[in-house]
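Undergrad: Sending over target-v5.txt (compact mmCIF, C-alpha atoms).
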```txt
# COMPACT_ATOMS: atom_id res chain seq x y z
CA MET T 24 86.36 91.95 126.17
CA ASN T 25 83.01 92.02 127.93
CA VAL T 26 81.51 95.25 129.20
CA ALA T 27 78.28 95.16 131.18
CA ASN T 28 75.29 97.05 129.87
CA HIS T 29 71.95 96.91 131.61
CA ASN T 30 69.87 98.15 128.66
CA LYS T 31 69.19 94.64 127.39
CA PRO T 32 66.85 94.06 124.44
CA PRO T 33 63.91 91.72 125.01
CA THR T 34 63.91 88.28 123.45
CA ASN T 35 61.09 87.07 121.26
CA PRO T 36 58.37 84.75 122.63
CA ALA T 37 60.23 81.65 121.43
CA GLY T 38 63.31 82.72 123.37
CA ASN T 39 65.58 82.67 120.33
CA VAL T 40 68.01 85.44 119.43
CA ARG T 41 66.65 86.84 116.18
CA VAL T 42 69.57 87.54 113.84
CA VAL T 43 69.79 89.37 110.52
CA LEU T 44 72.91 88.91 108.36
CA VAL T 45 74.00 91.72 106.02
CA ASP T 46 76.96 91.05 103.73
CA ASP T 47 77.32 91.87 100.04
CA HIS T 48 78.95 88.47 99.38
CA ALA T 49 75.97 86.15 98.90
CA MET T 50 77.95 82.92 99.33
CA VAL T 51 79.45 84.09 102.64
CA ARG T 52 76.07 85.27 103.89
CA GLN T 53 74.25 82.09 102.94
CA ALA T 54 76.96 79.84 104.40
CA LEU T 55 76.83 81.71 107.70
CA ALA T 56 73.05 81.54 107.74
CA ALA T 57 73.11 77.77 107.19
CA VAL T 58 75.58 77.19 110.02
CA LEU T 59 73.94 79.59 112.49
CA ALA T 60 70.53 78.05 111.80
CA GLU T 61 71.86 74.85 113.37
CA SER T 62 72.85 76.62 116.58
CA ASP T 63 70.55 76.37 119.57
CA GLY T 64 68.78 79.59 120.48
CA ILE T 65 69.70 81.48 117.29
CA GLU T 66 67.16 82.15 114.57
CA ILE T 67 68.04 83.75 111.22
CA VAL T 68 65.11 86.04 110.43
CA GLY T 69 66.55 87.90 107.45
CA GLN T 70 69.43 88.52 105.06
CA GLY T 71 70.55 91.57 103.10
CA ALA T 72 73.37 92.77 100.88
CA ASP T 73 73.62 96.51 101.49
CA VAL T 74 72.92 99.48 103.77
CA PRO T 75 69.32 100.09 102.58
CA ALA T 76 68.46 96.46 103.39
CA ALA T 77 70.01 96.76 106.85
CA VAL T 78 68.13 99.99 107.55
CA GLU T 79 64.86 98.39 106.44
CA PHE T 80 65.36 95.53 108.90
CA ILE T 81 66.13 97.77 111.86
CA ARG T 82 63.20 100.04 111.11
CA ALA T 83 60.92 97.02 111.04
CA GLY T 84 62.20 95.98 114.47
CA THR T 85 62.37 92.34 113.43
CA CYS T 86 65.80 91.45 114.82
CA ASP T 87 67.67 91.43 118.12
CA VAL T 88 71.18 91.27 116.63
CA LEU T 89 72.24 92.71 113.29
CA VAL T 90 75.45 91.11 111.97
CA LEU T 91 77.09 93.49 109.49
CA ASP T 92 80.09 93.39 107.22
CA TYR T 93 82.10 96.62 107.57
CA ASN T 94 82.31 97.35 103.84
CA LEU T 95 78.69 97.55 102.75
CA PRO T 96 77.42 99.09 99.51
CA GLY T 97 75.29 102.16 100.12
CA GLY T 98 77.22 103.89 102.87
CA GLY T 99 79.14 101.35 104.95
CA ALA T 100 78.47 99.87 108.37
CA LEU T 101 79.01 103.16 110.22
CA SER T 102 75.92 104.68 108.60
CA VAL T 103 73.81 101.75 109.85
CA ILE T 104 75.23 102.00 113.37
CA GLU T 105 74.45 105.72 113.37
CA GLU T 106 70.87 104.97 112.28
CA VAL T 107 70.41 102.55 115.18
CA ALA T 108 71.83 105.11 117.62
CA ARG T 109 69.76 107.97 116.20
CA ARG T 110 66.55 106.00 116.54
CA LYS T 111 67.56 104.76 120.03
CA LEU T 112 66.76 101.21 118.99
CA LYS T 113 67.49 98.15 121.12
CA THR T 114 68.88 96.22 118.15
CA ARG T 115 72.48 95.25 118.87
CA VAL T 116 75.01 95.60 116.02
CA LEU T 117 77.86 93.11 115.63
CA ILE T 118 80.47 93.88 112.98
CA LEU T 119 81.88 90.80 111.22
CA THR T 120 84.80 91.79 109.01
CA VAL T 121 88.10 90.79 107.42
CA HIS T 122 89.79 93.86 108.94
CA GLU T 123 92.04 92.78 111.80
CA SER T 124 92.52 96.41 112.74
CA THR T 125 92.28 98.15 116.10
CA HIS T 126 91.36 101.38 114.34
CA TYR T 127 88.30 99.90 112.64
CA ALA T 128 87.17 98.26 115.88
CA VAL T 129 87.52 101.44 117.95
CA ARG T 130 85.55 103.46 115.42
CA VAL T 131 82.55 101.15 115.24
CA LEU T 132 82.43 100.65 119.01
CA GLU T 133 82.57 104.39 119.66
CA ALA T 134 79.83 104.85 117.06
CA GLY T 135 77.58 102.48 119.01
CA ALA T 136 78.26 98.94 117.78
CA ALA T 137 78.05 96.21 120.42
CA GLY T 138 80.74 93.98 118.97
CA TYR T 139 83.60 93.54 116.51
CA MET T 140 84.69 90.14 115.23
CA VAL T 141 87.12 89.22 112.46
CA LYS T 142 86.05 86.64 109.90
CA SER T 143 89.09 84.46 110.53
CA GLY T 144 87.42 83.36 113.78
CA ALA T 145 85.54 80.08 114.09
CA VAL T 146 81.79 79.71 113.74
CA GLU T 147 81.63 78.84 117.45
CA GLU T 148 83.13 82.25 118.19
CA LEU T 149 80.46 83.95 116.10
CA CYS T 150 77.71 82.16 118.03
CA SER T 151 79.34 83.24 121.27
CA ALA T 152 79.69 86.82 120.01
CA ILE T 153 76.00 86.95 119.04
CA ARG T 154 74.91 85.68 122.44
CA THR T 155 77.29 88.07 124.21
CA VAL T 156 76.05 91.22 122.50
CA HIS T 157 72.43 90.10 122.85
CA SER T 158 72.96 89.73 126.60
CA GLY T 159 73.85 93.42 126.78
CA GLU T 160 77.64 93.12 126.78
CA VAL T 161 80.32 94.12 124.26
CA TYR T 162 82.32 91.55 122.29
CA VAL T 163 85.71 92.05 120.63
CA SER T 164 87.77 89.29 119.00
CA PRO T 165 90.42 88.14 121.52
CA LYS T 166 93.34 89.01 119.22
CA LEU T 167 92.24 92.68 119.22
CA ALA T 168 90.66 93.06 122.65
CA ALA T 169 93.68 94.33 124.61
CA ALA T 170 94.70 96.92 122.01
CA VAL T 171 91.10 98.10 121.54
CA LEU T 172 90.62 98.55 125.28
CA ASP T 173 93.88 100.53 125.45
CA HIS T 174 92.68 102.85 122.68
CA LEU T 175 89.25 103.35 124.22
CA ARG T 176 90.79 104.33 127.54
CA ARG T 177 92.70 107.22 125.99
CA PRO T 178 90.97 110.63 125.94
CA LYS T 179 90.28 111.64 122.33
CA ARG T 180 92.28 114.85 122.75
CA GLU T 181 95.40 112.77 123.43
CA ARG T 182 95.10 110.54 120.37
CA THR T 183 97.48 110.87 117.46
CA GLY T 184 97.82 109.42 113.96
CA LEU T 185 94.89 107.35 112.71
CA ALA T 186 93.23 107.51 116.11
CA ALA T 187 93.02 111.30 115.79
CA LEU T 188 90.98 111.20 112.57
CA SER T 189 87.25 111.84 112.66
CA ASP T 190 84.93 109.24 111.12
CA ARG T 191 84.53 111.36 107.97
CA GLU T 192 88.29 111.80 107.66
CA PHE T 193 88.91 108.09 108.18
CA GLU T 194 86.40 107.10 105.51
CA LEU T 195 87.79 109.69 103.08
CA LEU T 196 91.28 108.30 103.71
CA ARG T 197 90.07 104.81 102.78
CA LEU T 198 88.38 106.06 99.61
CA LEU T 199 91.38 108.11 98.44
CA ALA T 200 93.69 105.19 99.20
CA ARG T 201 91.64 103.02 96.83
CA GLY T 202 92.25 105.52 94.04
CA VAL T 203 88.84 107.19 94.21
CA GLY T 204 88.96 110.82 93.02
CA LEU T 205 88.07 113.65 95.41
CA LYS T 206 84.80 114.44 93.61
CA GLU T 207 83.65 110.82 93.65
CA ALA T 208 84.75 110.45 97.26
CA ALA T 209 82.72 113.53 98.20
CA GLU T 210 79.66 112.02 96.53
CA ALA T 211 80.16 108.72 98.37
CA LEU T 212 80.31 110.60 101.69
CA SER T 213 77.40 112.90 100.74
CA VAL T 214 79.49 116.04 101.29
CA SER T 215 80.61 118.88 99.02
CA VAL T 216 83.92 118.73 97.16
CA SER T 217 85.01 121.73 99.25
CA ALA T 218 84.29 119.83 102.47
CA ALA T 219 86.11 116.75 101.16
CA SER T 220 89.10 118.92 100.30
CA THR T 221 89.11 120.30 103.85
CA TYR T 222 88.96 116.76 105.25
CA ARG T 223 91.89 115.75 103.06
CA ALA T 224 93.96 118.70 104.31
CA ARG T 225 93.18 117.71 107.91
CA ILE T 226 94.15 114.10 107.21
CA LEU T 227 97.51 115.13 105.76
CA LYS T 228 98.19 117.38 108.74
CA LYS T 229 97.18 114.83 111.38
CA LEU T 230 99.21 112.06 109.74
CA ASP T 231 102.16 114.37 108.99
CA LEU T 232 101.94 113.63 105.26
CA SER T 233 102.51 116.01 102.35
CA SER T 234 100.71 114.47 99.37
CA THR T 235 97.99 112.09 98.27
CA SER T 236 100.64 109.61 97.10
CA GLU T 237 102.09 109.54 100.63
CA LEU T 238 98.56 109.11 101.96
CA ILE T 239 98.01 106.07 99.72
CA ARG T 240 101.32 104.52 100.81
CA PHE T 241 100.42 105.15 104.45
CA ALA T 242 97.03 103.46 104.00
CA ILE T 243 98.59 100.40 102.37
CA GLU T 244 101.22 100.10 105.11
CA ASN T 245 98.47 100.25 107.74
CA ASN T 246 96.24 97.64 106.02
CA LEU T 247 93.45 100.10 105.26
CA VAL T 248 93.09 99.14 101.60
CA GLU T 249 91.02 96.06 100.67
```
Kindly return the structure encoded in the file as structure tokens.
TA:
Amino acid sequence: MNVANHNKPPTNPAGNVRVVLVDDHAMVRQALAAVLAESDGIEIVGQGADVPAAVEFIRAGTCDVLVLDYNLPGGGALSVIEEVARRKLKTRVLILTVHESTHYAVRVLEAGAAGYMVKSGAVEELCSAIRTVHSGEVYVSPKLAAAVLDHLRRPKRERTGLAALSDREFELLRLLARGVGLKEAAEALSVSVSAASTYRARILKKLDLSSTSELIRFAIENNLVE
């Protein structure tokens, strides 16, 4: 799915797309860097393993495309996307993840990411995705593109189920589904326990569930648990 966007970031003097890879799995990150380094027009200018590293790169303004895993230590990919949007930076964010989920893709794209690609894709697809988002367009893995576009076309007020959850509620759902306690989940989201409890109540209501055990089963059935 390609969507035109005329706010295109400038290239560097050498004409290469400057890419930073952020993934907490060092072997995956280093393997991707080695392969991408062989691709014409793509230059790996940095690597990181968590949210603080990603934020440091974008603040330094050293990259054109930031390739992020969704599940990053230190706050997750959404917090990095929000930082890019808040600072009105021209860095383009491409999510590279194992989650073959429309819900994940819709959330990151609505937050401001420029692309969403699943890791089961080929390296050639990643190169294409990087070039696509750098050109000012949006990239979504072909297997998800139609469903993602359908979701994005729906007004938020008409969405139900998972699509009706706010970003905070969605992240709390994922944490609770992994067996994280409410207090620890609140700390991970940087909110009070009272706020987390309110989010949980909203999640149960929106998903028509009655208990945390039903919530966990729902999350597993919908492939939200790693």
Undergrad: Please indicate the distance in Å from CA of Thr125 (chain T) to CA of Thr235 (chain T), rounded to one decimal place.
TA: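 Interatomic distance, CA of Thr125 (chain T) to CA of Thr235 (chain T): 23.3 Å.
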Undergrad: Within 10 Å of Asp190 (chain T), counting all atoms listed in the file, which residues show up once you throw out same-chain ones fewer than 5 positions away? Write them as a list of chain:residue names, please.
TA: T:Leu101, T:Arg130, T:Val131, T:Ala134, T:Leu195, T:Leu196
Undergrad: Distance CA of Asp47 (chain T)-CA of Phe80 (chain T), one decimal place?
TA: 15.3 Å
Undergrad: Using all atoms listed in the file, find the one residue out of T:Ile243, T:Val214, T:Ala83, T:Val156 that sits nearest to Val68 (chain T).
TA: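 Distance minimum relative to Val68 (chain T) lands on T:Ala83.
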Undergrad: From the list T:Gly144, T:Gly159, T:Pro165, T:Pro75, which residue is nearest Val88 (chain T) when using all atoms listed in the file?
TA: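 Looking at the shortest contact to Val88 (chain T), the residue is T:Gly159.
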Undergrad: Quick one: of T:Val45, T:Pro96, T:Glu106, T:Glu192, who's nearest to Ala77 (chain T), counting all atoms listed in the file?
TA: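 That would be T:Val45, the residue with the smallest distance to Ala77 (chain T).
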Undergrad: List as a list of chain:residue names the protein and nucleic acid residues near Cys86 (chain T), meaning an atom at most 10 Å away when only C-alpha atoms are counted, but skip any in the same chain fewer than 2 places from it.
TA: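 With the cut-off at 10 Å, the set is T:Thr34, T:Asn35, T:Val40, T:Arg41, T:Val42, T:Val43, T:Leu44, T:Glu66, T:Ile67, T:Val68, T:Gly69, T:Phe80, T:Ile81, T:Arg82, T:Ala83, T:Gly84, T:Val88, T:Leu89, T:Lys113, T:Thr114, T:Arg115.
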Undergrad: Go ahead and compute the interatomic distance for CA of Gly99 (chain T) and CA of Glu160 (chain T), in Å to one decimal.
TA: 23.4 Å
Undergrad: List as number ranges by chain the protein and nucleic acid residues near Leu95 (chain T), meaning an atom at most 7 Å away when all atoms listed in the file are counted, but skip any in the same chain fewer than 5 places from it.
TA: T: 46-47, 73-74, 100
Undergrad: Counting all atoms listed in the file, which residue out of T:Ala187, T:Val248, T:Ala54, T:Leu199 sits closest to Lys228 (chain T)?
TA: T:Ala187
Undergrad: Could you list, as a PDB file with C-alpha atoms, keeping the file's coordinate frame, every residue within 8 Å of Arg240 (chain T), counting all atoms listed in the file and ignoring same-chain residues fewer than 4 positions away?
TA:
```pdb
ATOM      1  CA  ALA T 200      93.690 105.190  99.200  1.00  0.00           C
ATOM      2  CA  SER T 236     100.640 109.610  97.100  1.00  0.00           C
ATOM      3  CA  GLU T 244     101.220 100.100 105.110  1.00  0.00           C
TER       4      GLU T 244
END
```
